[in-house]
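Asks: Could you have a look at this structure, given as structure tokens, before my questions?
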Amino acid sequence: MPSSDSPTAEPSPAEAPAQGKGNAAKQPKGKEAAAPAEGSKLSGAELKKQAKAEKAARRAQALLEKGASAPAAAPTPGQQPKVDGQKGPKGQRQHQRGSSTSVEVKNLPVRGAQKTVPVPVAVEPKKEDKTVEFFRHLYKTRTTSIAGASKDVHPAVLALGLQMSNYTICGSCARLVATLQAFKRVIESYTTPPQNSLSRHLTSHVLSPQIEYLSSCRPLSISMGNAIRWLKLEVSKVDVSVPDAEAKKGLCDAIDVFIRERVTFADQVIARSAADKIKDGDVIMTYAKSSIVQRALVKAHEEGKKFRVIIVDSRPLHEGKHLAAALVRIGMDVKYCLINGLSHNIQDVTKVLLGAHAMMSNGRLFSRIGTALVAMEANEADKPVIVLCETIKFTERVALDSIVHNEIAPADELVIPGGPLEQWGDIKKLQLCNPMYDVTPADYIQMIITESGNVPPTSVPVLHRLGNESQG
């Protein structure tokens, strides 16, 4: 039996790690295991830990070398570089990989983008709205160039739109005739596409872009609207079986007849009838410029009648200047004054002849702004007011004021270069409004001379209905 003092048998090399492992498991927590003997084989976990430490050391060494070659990025003011043990924005502890290494990380560059200081941007002051609230529904930007026009718009219509926009063609009848002449050229150059008919394709695909462009240059006049409706009706009457060449010739001939009957002949009849109302010694007052009034005055002068003419005018168009120059050129006695001299000159007048933009169905006159003032002064002075108007200008609309339906021209037209309003856009709470037309009550009008006869204002809807029936 062996003695108790005999040395214990040493375990085999294979049993040593297992026994050491078991002893380590039995040791209390918080105590580190004894370092492995030199030359002993490391376990898998220890090899993995050692590889991580070496990798972290190499990375730290590379960062140090990089920091030595280039100056370290200074941290943003108020921002500290995060080191091991410092909490991040979410309160979590940030651990550096390979924390077992003792490499200093104080001078390492801070990763991440630096905060940029916002540069204050100069905010432009809000531009004041110069629109007059009472007429806001009438404001519309005018087209003053062909830039941006549809490719479907005919060159003749492009030119006409610019002429109407800059008042080269200004009168109601002048715009009507010019529009029909331009549409005539559009029809002549039109070719019906395959699988289409002229009566269905011409109006919607060809005439509509022309009308839209003209209305963007200036709102269509009442007479233009009546003529366009008539033209569309004529196009719809074209038989599908009629060849295109014959149909286009028929439409162009119809346009010529319409201009001749509703404008040219009508003006001649009205001028002759108005000239008969002028007697020797009369003093005729007119406002602005009306082509039919000018024709009547010239007709009376050609008949040898001796009379004087007072032309009242106003800004911004000063149309009366052109009328005065034309009458003086043929040797007539003409007096020209602005509207502020109306009350002084009305006392010498015997008759007032006025042109018309349109005659409304309730007998009111829709004409160049200032006409209502002239008619009111004439009524106060007990002077007869006679309106010269073609029936093509009659409409079924009813006008009680000049607010619901009107045309607002650009306010800059009222500005005189070098005048006090030259910089009106920079003056706060200053608004300019430039309406084109006003409405004259029927009570101020004694007679309307048309190609159908001399009628009172109450007969306007009757003549308008008769004219529509004759066209149908």
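For the structure tokens, the naming scheme is as follows: chains receive sequential letters (A, B, ...) according to their order of presentation, residues are indexed from 1 within each chain, and ligands are indexed from 1 in presentation order.
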If we count only C-alpha atoms and set the cut-off at 12 Å, which residues sit around Glu261 in chain A, ignoring sequence neighbours fewer than 3 positions away in its own chain? Please answer as an mmCIF file with N, CA, C and O atoms, in the first residue's frame.

Replies:
```
data_model
loop_
_atom_site.group_PDB
_atom_site.id
_atom_site.type_symbol
_atom_site.label_atom_id
_atom_site.label_comp_id
_atom_site.auth_asym_id
_atom_site.auth_seq_id
_atom_site.Cartn_x
_atom_site.Cartn_y
_atom_site.Cartn_z
ATOM 1 N N VAL A 177 -62.775 94.395 -89.163
ATOM 2 C CA VAL A 177 -62.415 94.186 -90.560
ATOM 3 C C VAL A 177 -61.055 93.503 -90.661
ATOM 4 O O VAL A 177 -60.865 92.568 -91.458
ATOM 5 N N ALA A 254 -68.044 84.878 -98.766
ATOM 6 C CA ALA A 254 -69.010 85.252 -97.719
ATOM 7 C C ALA A 254 -68.406 86.304 -96.788
ATOM 8 O O ALA A 254 -69.112 87.225 -96.336
ATOM 9 N N ILE A 255 -67.109 86.180 -96.490
ATOM 10 C CA ILE A 255 -66.453 87.189 -95.644
ATOM 11 C C ILE A 255 -66.453 88.546 -96.337
ATOM 12 O O ILE A 255 -66.716 89.585 -95.715
ATOM 13 N N ASP A 256 -66.161 88.575 -97.639
ATOM 14 C CA ASP A 256 -66.173 89.847 -98.373
ATOM 15 C C ASP A 256 -67.564 90.474 -98.365
ATOM 16 O O ASP A 256 -67.706 91.692 -98.184
ATOM 17 N N VAL A 257 -68.590 89.653 -98.555
ATOM 18 C CA VAL A 257 -69.956 90.176 -98.551
ATOM 19 C C VAL A 257 -70.323 90.705 -97.172
ATOM 20 O O VAL A 257 -70.965 91.762 -97.037
ATOM 21 N N PHE A 258 -69.920 89.996 -96.130
ATOM 22 C CA PHE A 258 -70.226 90.428 -94.763
ATOM 23 C C PHE A 258 -69.587 91.784 -94.476
ATOM 24 O O PHE A 258 -70.244 92.690 -93.929
ATOM 25 N N THR A 264 -69.036 98.417 -94.568
ATOM 26 C CA THR A 264 -68.805 99.460 -95.567
ATOM 27 C C THR A 264 -70.098 100.170 -95.942
ATOM 28 O O THR A 264 -70.213 101.410 -95.825
ATOM 29 N N PHE A 265 -71.095 99.424 -96.407
ATOM 30 C CA PHE A 265 -72.369 100.038 -96.783
ATOM 31 C C PHE A 265 -73.076 100.643 -95.587
ATOM 32 O O PHE A 265 -73.724 101.698 -95.687
ATOM 33 N N ALA A 266 -72.952 99.974 -94.429
ATOM 34 C CA ALA A 266 -73.600 100.511 -93.228
ATOM 35 C C ALA A 266 -73.009 101.863 -92.861
ATOM 36 O O ALA A 266 -73.757 102.799 -92.512
ATOM 37 N N ASP A 267 -71.686 102.012 -92.951
ATOM 38 C CA ASP A 267 -71.068 103.298 -92.651
ATOM 39 C C ASP A 267 -71.514 104.381 -93.627
ATOM 40 O O ASP A 267 -71.725 105.538 -93.233
ATOM 41 N N GLN A 268 -71.655 104.027 -94.876
ATOM 42 C CA GLN A 268 -72.099 105.016 -95.859
ATOM 43 C C GLN A 268 -73.518 105.500 -95.558
ATOM 44 O O GLN A 268 -73.803 106.705 -95.623
ATOM 45 N N VAL A 269 -74.400 104.569 -95.225
ATOM 46 C CA VAL A 269 -75.790 104.945 -94.921
ATOM 47 C C VAL A 269 -75.848 105.798 -93.664
ATOM 48 O O VAL A 269 -76.562 106.820 -93.607
ATOM 49 N N GLU A 390 -73.227 101.033 -85.974
ATOM 50 C CA GLU A 390 -73.673 99.968 -86.862
ATOM 51 C C GLU A 390 -74.354 98.869 -86.041
ATOM 52 O O GLU A 390 -74.022 98.664 -84.874
ATOM 53 N N THR A 391 -75.265 98.149 -86.647
ATOM 54 C CA THR A 391 -75.986 97.095 -85.929
ATOM 55 C C THR A 391 -75.094 95.908 -85.588
ATOM 56 O O THR A 391 -75.446 95.102 -84.727
ATOM 57 N N ILE A 392 -73.936 95.794 -86.242
ATOM 58 C CA ILE A 392 -73.020 94.707 -85.902
ATOM 59 C C ILE A 392 -72.469 94.901 -84.495
ATOM 60 O O ILE A 392 -71.973 93.950 -83.868
ATOM 61 N N GLU A 451 -77.771 101.774 -89.815
ATOM 62 C CA GLU A 451 -78.073 101.534 -91.227
ATOM 63 C C GLU A 451 -79.516 101.097 -91.425
ATOM 64 O O GLU A 451 -80.032 101.138 -92.553
ATOM 65 N N SER A 452 -80.165 100.704 -90.331
ATOM 66 C CA SER A 452 -81.577 100.304 -90.421
ATOM 67 C C SER A 452 -82.527 101.440 -90.126
ATOM 68 O O SER A 452 -83.754 101.239 -90.170
ATOM 69 N N GLY A 467 -81.366 91.504 -86.883
ATOM 70 C CA GLY A 467 -80.097 91.224 -87.544
ATOM 71 C C GLY A 467 -79.688 89.773 -87.429
ATOM 72 O O GLY A 467 -79.191 89.180 -88.402
ATOM 73 N N GLN A 471 -79.240 86.879 -90.553
ATOM 74 C CA GLN A 471 -78.026 86.070 -90.748
ATOM 75 C C GLN A 471 -78.346 84.580 -90.752
ATOM 76 O O GLN A 471 -77.705 83.813 -91.437
#
```

Asks: Show me, as a PyMOL selection string, the residues that have an atom within 7 Å of Glu396 in chain A when counting only C-alpha atoms, minus same-chain residues fewer than 6 positions from it.

Replies: chain A and resi 360-361+461

Asks: Could the residues in this selection be saved with all heavy atoms as a PDB file, in the first residue's frame?

Replies:
```
ATOM      1  N   MET A 360     -75.729  98.234 -75.764  1.00  0.00           N
ATOM      2  CA  MET A 360     -76.214  97.154 -74.936  1.00  0.00           C
ATOM      3  C   MET A 360     -77.719  96.962 -75.116  1.00  0.00           C
ATOM      4  O   MET A 360     -78.437  97.847 -75.614  1.00  0.00           O
ATOM      5  CB  MET A 360     -75.888  97.416 -73.467  1.00  0.00           C
ATOM      6  CG  MET A 360     -74.476  97.913 -73.228  1.00  0.00           C
ATOM      7  SD  MET A 360     -73.188  96.878 -73.967  1.00  0.00           S
ATOM      8  CE  MET A 360     -73.254  95.460 -72.885  1.00  0.00           C
ATOM      9  N   SER A 361     -78.214  95.810 -74.699  1.00  0.00           N
ATOM     10  CA  SER A 361     -79.616  95.477 -74.908  1.00  0.00           C
ATOM     11  C   SER A 361     -80.562  96.367 -74.106  1.00  0.00           C
ATOM     12  O   SER A 361     -81.728  96.525 -74.478  1.00  0.00           O
ATOM     13  CB  SER A 361     -79.857  94.011 -74.535  1.00  0.00           C
ATOM     14  OG  SER A 361     -81.176  93.614 -74.830  1.00  0.00           O
ATOM     15  N   PRO A 461     -82.687  96.105 -78.691  1.00  0.00           N
ATOM     16  CA  PRO A 461     -82.880  94.645 -78.741  1.00  0.00           C
ATOM     17  C   PRO A 461     -83.679  94.184 -79.956  1.00  0.00           C
ATOM     18  O   PRO A 461     -83.465  93.078 -80.468  1.00  0.00           O
ATOM     19  CB  PRO A 461     -83.603  94.332 -77.424  1.00  0.00           C
ATOM     20  CG  PRO A 461     -84.184  95.614 -76.979  1.00  0.00           C
ATOM     21  CD  PRO A 461     -83.277  96.683 -77.476  1.00  0.00           C
TER      22      PRO A 461
END
```

Asks: Taking the DSSP assignment computed from this structure's backbone, write out as a PyMOL selection string all residues of range 193-442 of chain A that belong to strand (DSSP E or B).

Replies: chain A and resi 283-287+308-313+333-338+351-354+358-359+365-368+385-388+394+408+435+437-440

Asks: List as a PyMOL selection string the protein and nucleic acid residues near Leu207 in chain A, meaning an atom at most 9 Å away when only C-alpha atoms are counted, but skip any in the same chain fewer than 4 places from it.

Replies: chain A and resi 153+183+186-187+202-203+211-212+232

Asks: Just the selected residues (N, CA, C and O atoms), exported as an mmCIF file, in the first residue's frame, please.

Replies:
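Result file result.cif:
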```
data_model
loop_
_atom_site.group_PDB
_atom_site.id
_atom_site.type_symbol
_atom_site.label_atom_id
_atom_site.label_comp_id
_atom_site.auth_asym_id
_atom_site.auth_seq_id
_atom_site.Cartn_x
_atom_site.Cartn_y
_atom_site.Cartn_z
ATOM 1 N N VAL A 153 -50.765 79.239 -84.879
ATOM 2 C CA VAL A 153 -51.230 80.596 -85.193
ATOM 3 C C VAL A 153 -50.633 81.044 -86.525
ATOM 4 O O VAL A 153 -49.415 80.956 -86.742
ATOM 5 N N PHE A 183 -58.559 86.127 -91.028
ATOM 6 C CA PHE A 183 -59.177 84.798 -91.082
ATOM 7 C C PHE A 183 -59.366 84.335 -92.525
ATOM 8 O O PHE A 183 -59.322 83.133 -92.809
ATOM 9 N N VAL A 186 -56.198 82.796 -93.454
ATOM 10 C CA VAL A 186 -56.074 81.497 -92.783
ATOM 11 C C VAL A 186 -56.842 80.430 -93.560
ATOM 12 O O VAL A 186 -56.363 79.309 -93.773
ATOM 13 N N ILE A 187 -58.044 80.763 -93.997
ATOM 14 C CA ILE A 187 -58.868 79.800 -94.742
ATOM 15 C C ILE A 187 -58.229 79.466 -96.083
ATOM 16 O O ILE A 187 -58.242 78.310 -96.529
ATOM 17 N N LEU A 202 -62.075 72.698 -89.315
ATOM 18 C CA LEU A 202 -61.589 74.065 -89.468
ATOM 19 C C LEU A 202 -61.833 74.895 -88.210
ATOM 20 O O LEU A 202 -60.941 75.604 -87.733
ATOM 21 N N THR A 203 -63.027 74.789 -87.650
ATOM 22 C CA THR A 203 -63.363 75.651 -86.512
ATOM 23 C C THR A 203 -62.564 75.296 -85.271
ATOM 24 O O THR A 203 -61.935 76.162 -84.649
ATOM 25 N N ILE A 211 -58.232 82.700 -82.608
ATOM 26 C CA ILE A 211 -59.078 83.514 -81.726
ATOM 27 C C ILE A 211 -58.454 83.636 -80.346
ATOM 28 O O ILE A 211 -58.463 84.705 -79.728
ATOM 29 N N GLU A 212 -57.905 82.545 -79.862
ATOM 30 C CA GLU A 212 -57.283 82.560 -78.534
ATOM 31 C C GLU A 212 -56.091 83.510 -78.501
ATOM 32 O O GLU A 212 -55.901 84.243 -77.515
ATOM 33 N N LYS A 232 -68.308 81.117 -87.728
ATOM 34 C CA LYS A 232 -68.432 79.723 -87.300
ATOM 35 C C LYS A 232 -69.718 79.095 -87.818
ATOM 36 O O LYS A 232 -69.745 77.918 -88.199
#
```

Asks: I'd like to know which of A:Asp276, A:Glu188, A:Thr450, A:Pro219 is closest to Ala245 in chain A, using only C-alpha atoms.

Replies: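 Comparing A:Asp276, A:Glu188, A:Thr450, A:Pro219 against Ala245 in chain A, the winner is A:Glu188.
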
Asks: Write out as a ChimeraX atom specification the residues lying within 10 Å of Ala326 in chain A, counting only C-alpha atoms and excluding same-chain residues fewer than 6 positions away.

Replies: /A:294,298,320,332
